[in-house]
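Engineer: Right, I'll just put the structure down here and ask away after.
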Amino acid sequence: MEKLRPVTDEDSEKDFILHQHLLNIIKNRKITPHFQPVVDLYTGEIYGYEILSRAEPPFENPGFMFNKAKEWNLSWEIEYACRSAALKAILKLPPEFRDKKFFLNVSPHIFSDPRFQSGTSAEKLKLLELKPCNFVIEITETTSIDDYAGFEKIIQYYVNQGFHIALDDFGAGHSGLITLVAMTPHYMKLDRALISDINSNSYKQNLIKAIIAFSSNVESSLIAE
């Protein structure tokens with residue numbers, strides 16, 4: 001078993017500098033949105049965009065940035081900064097692009113935060129002349145959900161306002177069947193591991209066929225990463 005290296009003053013100093021850097025990114029909204037197209041495989045047309053957030057080094061890796069934010073209890077602040085940057089970018093798009101679907105990533109523990117409900121509402125979007133039905137709240141399953149009943153109520157709250165819901169990375173991590181039932185998502189995003197090399201894997205092909213049949217019956221659209 002590998003021995004743990006003791007924390008040194010140098011480590012503490014580096015961590016402090018990183019912490020201050022992230023606070024600066026949040027305070028000054030130094031987040032750059034990137035629009036990743038979601039393409040309809042039948043027509044070849046762009047159906048919508050997943051909006052990815054990127055920051056300056058050393059936080060250019062989003063996984064590293066969000067993990068550090070969670071470690072320092074800054075998850076709400078960094079995700080709010082990312083959503084604010086995304087909305088500003090959408091408002092700058094030509095009118096013909098604003099009727100596309102925009103997928104916004106949200107962590108489960110942020111989704112249940114009262115601040116998320118007060119800061120993300122149909123009324124606020126309408127003030128910006130944006131439609132809730134064009135926004136897809138994409139739940140990123142990096143952590144398990146403790147209160148499924150409460151989670152389901154929050155999901156219904158946003159669906160009633162006109163938002164759509166997507167389950168990210170279905171088939172990986174905590175994105176299991178219980179989460180699927182609690183969310184009843186409009187979109188299921190299949191994890192890349194299920195899609196990779198599917199052309200030469202009959203087991204994967206049969207699994208995806210079953211998922212396609214299920215999604216069709218519950219009127220949920222599939223997105224393959």
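Ligands are numbered from 1 in the order shown, residues from 1 within each chain, and chains are lettered A, B, ... in the order they appear in the structure tokens.
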Can you pull out the residues contacting Tyr148 of chain A? Cut-off 10 Å, using only C-alpha atoms, and skip same-chain residues under 2 positions away; I want them as a count of residues only.
Structural biologist: 13
Engineer: Enumerate the residues of chain A with a DSSP assignment of strand (DSSP E or B), computed from the backbone, and present them as an MDAnalysis selection string.
Structural biologist: chainID A and resid 31:39 46:55 101:106 135:139 164:170 187:190 221:224
Engineer: Generate a file of the selected residues that holds N, CA and C atoms, formatted as a CSV table (one decimal), in the first residue's frame.
Structural biologist:
```
chain,number,residue,atom,x,y,z
A,31,ILE,N,-15.0,33.0,-17.3
A,31,ILE,CA,-15.4,31.7,-17.9
A,31,ILE,C,-15.7,31.9,-19.3
A,32,THR,N,-15.2,31.0,-20.1
A,32,THR,CA,-15.5,31.0,-21.6
A,32,THR,C,-16.4,29.9,-22.0
A,33,PRO,N,-17.6,30.2,-22.5
A,33,PRO,CA,-18.5,29.1,-22.9
A,33,PRO,C,-18.1,28.6,-24.3
A,34,HIS,N,-18.2,27.3,-24.5
A,34,HIS,CA,-18.0,26.7,-25.8
A,34,HIS,C,-19.2,25.9,-26.2
A,35,PHE,N,-19.7,26.1,-27.4
A,35,PHE,CA,-20.9,25.5,-27.8
A,35,PHE,C,-20.6,24.2,-28.6
A,36,GLN,N,-20.9,23.1,-28.0
A,36,GLN,CA,-20.7,21.8,-28.7
A,36,GLN,C,-22.0,21.3,-29.3
A,37,PRO,N,-22.1,21.2,-30.6
A,37,PRO,CA,-23.3,20.9,-31.3
A,37,PRO,C,-23.9,19.5,-31.0
A,38,VAL,N,-25.2,19.4,-30.9
A,38,VAL,CA,-25.9,18.1,-30.8
A,38,VAL,C,-26.5,17.9,-32.2
A,39,VAL,N,-26.1,16.9,-32.9
A,39,VAL,CA,-26.5,16.8,-34.3
A,39,VAL,C,-27.5,15.6,-34.5
A,46,ILE,N,-28.2,20.6,-37.0
A,46,ILE,CA,-27.8,20.9,-35.6
A,46,ILE,C,-29.1,21.0,-34.8
A,47,TYR,N,-29.3,20.2,-33.8
A,47,TYR,CA,-30.5,20.2,-33.0
A,47,TYR,C,-30.4,21.2,-31.9
A,48,GLY,N,-29.2,21.2,-31.3
A,48,GLY,CA,-29.0,22.1,-30.2
A,48,GLY,C,-27.5,22.2,-29.8
A,49,TYR,N,-27.2,22.7,-28.6
A,49,TYR,CA,-25.8,22.8,-28.2
A,49,TYR,C,-25.7,22.5,-26.7
A,50,GLU,N,-24.7,21.7,-26.4
A,50,GLU,CA,-24.3,21.6,-25.0
A,50,GLU,C,-23.3,22.7,-24.8
A,51,ILE,N,-23.5,23.5,-23.7
A,51,ILE,CA,-22.6,24.6,-23.4
A,51,ILE,C,-21.6,24.2,-22.4
A,52,LEU,N,-20.4,24.1,-22.8
A,52,LEU,CA,-19.3,23.7,-21.9
A,52,LEU,C,-18.6,24.9,-21.4
A,53,SER,N,-18.1,24.8,-20.2
A,53,SER,CA,-17.4,26.0,-19.6
A,53,SER,C,-15.9,25.7,-19.5
A,54,ARG,N,-15.1,26.7,-19.9
A,54,ARG,CA,-13.7,26.6,-19.8
A,54,ARG,C,-13.1,27.8,-19.1
A,55,ALA,N,-12.1,27.6,-18.3
A,55,ALA,CA,-11.4,28.8,-17.6
A,55,ALA,C,-9.9,28.8,-18.0
A,101,LYS,N,-32.0,24.0,-28.9
A,101,LYS,CA,-32.0,23.6,-27.5
A,101,LYS,C,-30.6,23.9,-26.9
A,102,PHE,N,-30.6,24.4,-25.7
A,102,PHE,CA,-29.3,24.7,-25.0
A,102,PHE,C,-29.2,23.8,-23.7
A,103,PHE,N,-28.2,22.9,-23.7
A,103,PHE,CA,-28.0,22.0,-22.6
A,103,PHE,C,-27.1,22.6,-21.6
A,104,LEU,N,-27.5,22.8,-20.4
A,104,LEU,CA,-26.7,23.4,-19.3
A,104,LEU,C,-26.4,22.4,-18.2
A,105,ASN,N,-25.2,22.1,-17.9
A,105,ASN,CA,-24.8,21.1,-16.9
A,105,ASN,C,-25.0,21.6,-15.5
A,106,VAL,N,-25.6,20.8,-14.7
A,106,VAL,CA,-25.9,21.1,-13.3
A,106,VAL,C,-25.6,19.9,-12.4
A,135,PHE,N,-34.3,25.4,-23.0
A,135,PHE,CA,-33.3,25.1,-22.1
A,135,PHE,C,-33.4,23.7,-21.5
A,136,VAL,N,-32.4,23.0,-21.6
A,136,VAL,CA,-32.3,21.6,-21.0
A,136,VAL,C,-31.4,21.6,-19.8
A,137,ILE,N,-32.0,21.3,-18.7
A,137,ILE,CA,-31.1,21.2,-17.5
A,137,ILE,C,-30.5,19.8,-17.5
A,138,GLU,N,-29.2,19.7,-17.7
A,138,GLU,CA,-28.6,18.4,-17.8
A,138,GLU,C,-27.9,18.0,-16.5
A,139,ILE,N,-28.5,17.0,-15.8
A,139,ILE,CA,-28.0,16.6,-14.5
A,139,ILE,C,-26.7,15.7,-14.7
A,164,HIS,N,-36.7,21.5,-19.9
A,164,HIS,CA,-36.6,20.1,-20.2
A,164,HIS,C,-35.4,19.6,-19.4
A,165,ILE,N,-35.4,18.2,-19.2
A,165,ILE,CA,-34.5,17.6,-18.3
A,165,ILE,C,-33.7,16.5,-19.1
A,166,ALA,N,-32.4,16.5,-18.9
A,166,ALA,CA,-31.5,15.5,-19.5
A,166,ALA,C,-30.7,14.7,-18.4
A,167,LEU,N,-30.6,13.4,-18.6
A,167,LEU,CA,-29.8,12.6,-17.7
A,167,LEU,C,-28.5,12.4,-18.4
A,168,ASP,N,-27.4,12.9,-17.9
A,168,ASP,CA,-26.1,12.8,-18.5
A,168,ASP,C,-25.4,11.4,-18.2
A,169,ASP,N,-24.6,11.0,-19.1
A,169,ASP,CA,-23.7,9.8,-18.9
A,169,ASP,C,-24.5,8.6,-18.4
A,170,PHE,N,-25.7,8.4,-19.0
A,170,PHE,CA,-26.5,7.2,-18.6
A,170,PHE,C,-25.8,5.9,-18.9
A,187,TYR,N,-34.4,13.7,-22.2
A,187,TYR,CA,-33.3,13.3,-22.9
A,187,TYR,C,-32.4,12.3,-22.1
A,188,MET,N,-31.9,11.3,-22.7
A,188,MET,CA,-31.0,10.4,-22.1
A,188,MET,C,-29.7,10.4,-22.9
A,189,LYS,N,-28.6,10.8,-22.2
A,189,LYS,CA,-27.3,10.9,-22.9
A,189,LYS,C,-26.5,9.7,-22.6
A,190,LEU,N,-26.4,8.8,-23.6
A,190,LEU,CA,-25.7,7.6,-23.4
A,190,LEU,C,-24.2,7.8,-23.2
A,221,SER,N,-35.8,11.2,-25.7
A,221,SER,CA,-34.9,11.2,-26.9
A,221,SER,C,-33.5,10.8,-26.4
A,222,LEU,N,-32.8,10.0,-27.3
A,222,LEU,CA,-31.5,9.5,-26.9
A,222,LEU,C,-30.4,10.4,-27.6
A,223,ILE,N,-29.4,10.7,-26.9
A,223,ILE,CA,-28.2,11.4,-27.4
A,223,ILE,C,-27.0,10.5,-27.1
A,224,ALA,N,-26.2,10.2,-28.2
A,224,ALA,CA,-25.0,9.4,-28.1
A,224,ALA,C,-23.8,10.2,-28.0
```
Engineer: As a CSV table (one decimal) with N, CA and C atoms, in the first residue's frame, please: the residues near Ile25 of chain A (cut-off 10 Å, only C-alpha atoms, same-chain neighbours under 4 positions excluded).
Structural biologist:
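So selection-v3.csv came out as:
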```csv
chain,number,residue,atom,x,y,z
A,19,HIS,N,-6.6,28.5,-4.7
A,19,HIS,CA,-7.9,28.9,-4.2
A,19,HIS,C,-8.1,30.4,-4.5
A,20,GLN,N,-7.1,31.2,-4.4
A,20,GLN,CA,-7.3,32.6,-4.7
A,20,GLN,C,-7.5,32.8,-6.2
A,21,HIS,N,-6.9,32.0,-7.0
A,21,HIS,CA,-7.1,32.1,-8.4
A,21,HIS,C,-8.5,31.7,-8.8
A,29,ARG,N,-15.8,36.6,-13.4
A,29,ARG,CA,-16.5,35.9,-14.4
A,29,ARG,C,-15.6,35.5,-15.6
A,30,LYS,N,-14.4,35.0,-15.3
A,30,LYS,CA,-13.5,34.6,-16.3
A,30,LYS,C,-13.8,33.2,-16.8
A,31,ILE,N,-15.0,33.0,-17.3
A,31,ILE,CA,-15.4,31.7,-17.9
A,31,ILE,C,-15.7,31.9,-19.3
A,55,ALA,N,-12.1,27.6,-18.3
A,55,ALA,CA,-11.4,28.8,-17.6
A,55,ALA,C,-9.9,28.8,-18.0
A,56,GLU,N,-9.3,29.8,-17.5
A,56,GLU,CA,-7.8,30.0,-17.8
A,56,GLU,C,-7.0,29.0,-17.0
A,59,PHE,N,-6.9,26.1,-14.5
A,59,PHE,CA,-8.2,25.5,-14.4
A,59,PHE,C,-8.8,25.2,-15.8
A,78,ILE,N,-19.1,28.6,-8.6
A,78,ILE,CA,-18.5,28.3,-9.9
A,78,ILE,C,-19.6,27.9,-10.9
A,81,ALA,N,-21.4,31.0,-12.0
A,81,ALA,CA,-20.6,31.8,-12.9
A,81,ALA,C,-20.7,31.2,-14.3
```
Engineer: When you count only C-alpha atoms, which of these residues is closest to Pro58 of chain A: A:Glu77, A:Asp15, A:Asp40, A:Asp197?
Structural biologist: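 Of A:Glu77, A:Asp15, A:Asp40, A:Asp197, the one nearest Pro58 of chain A, counting only C-alpha atoms, is A:Asp15.
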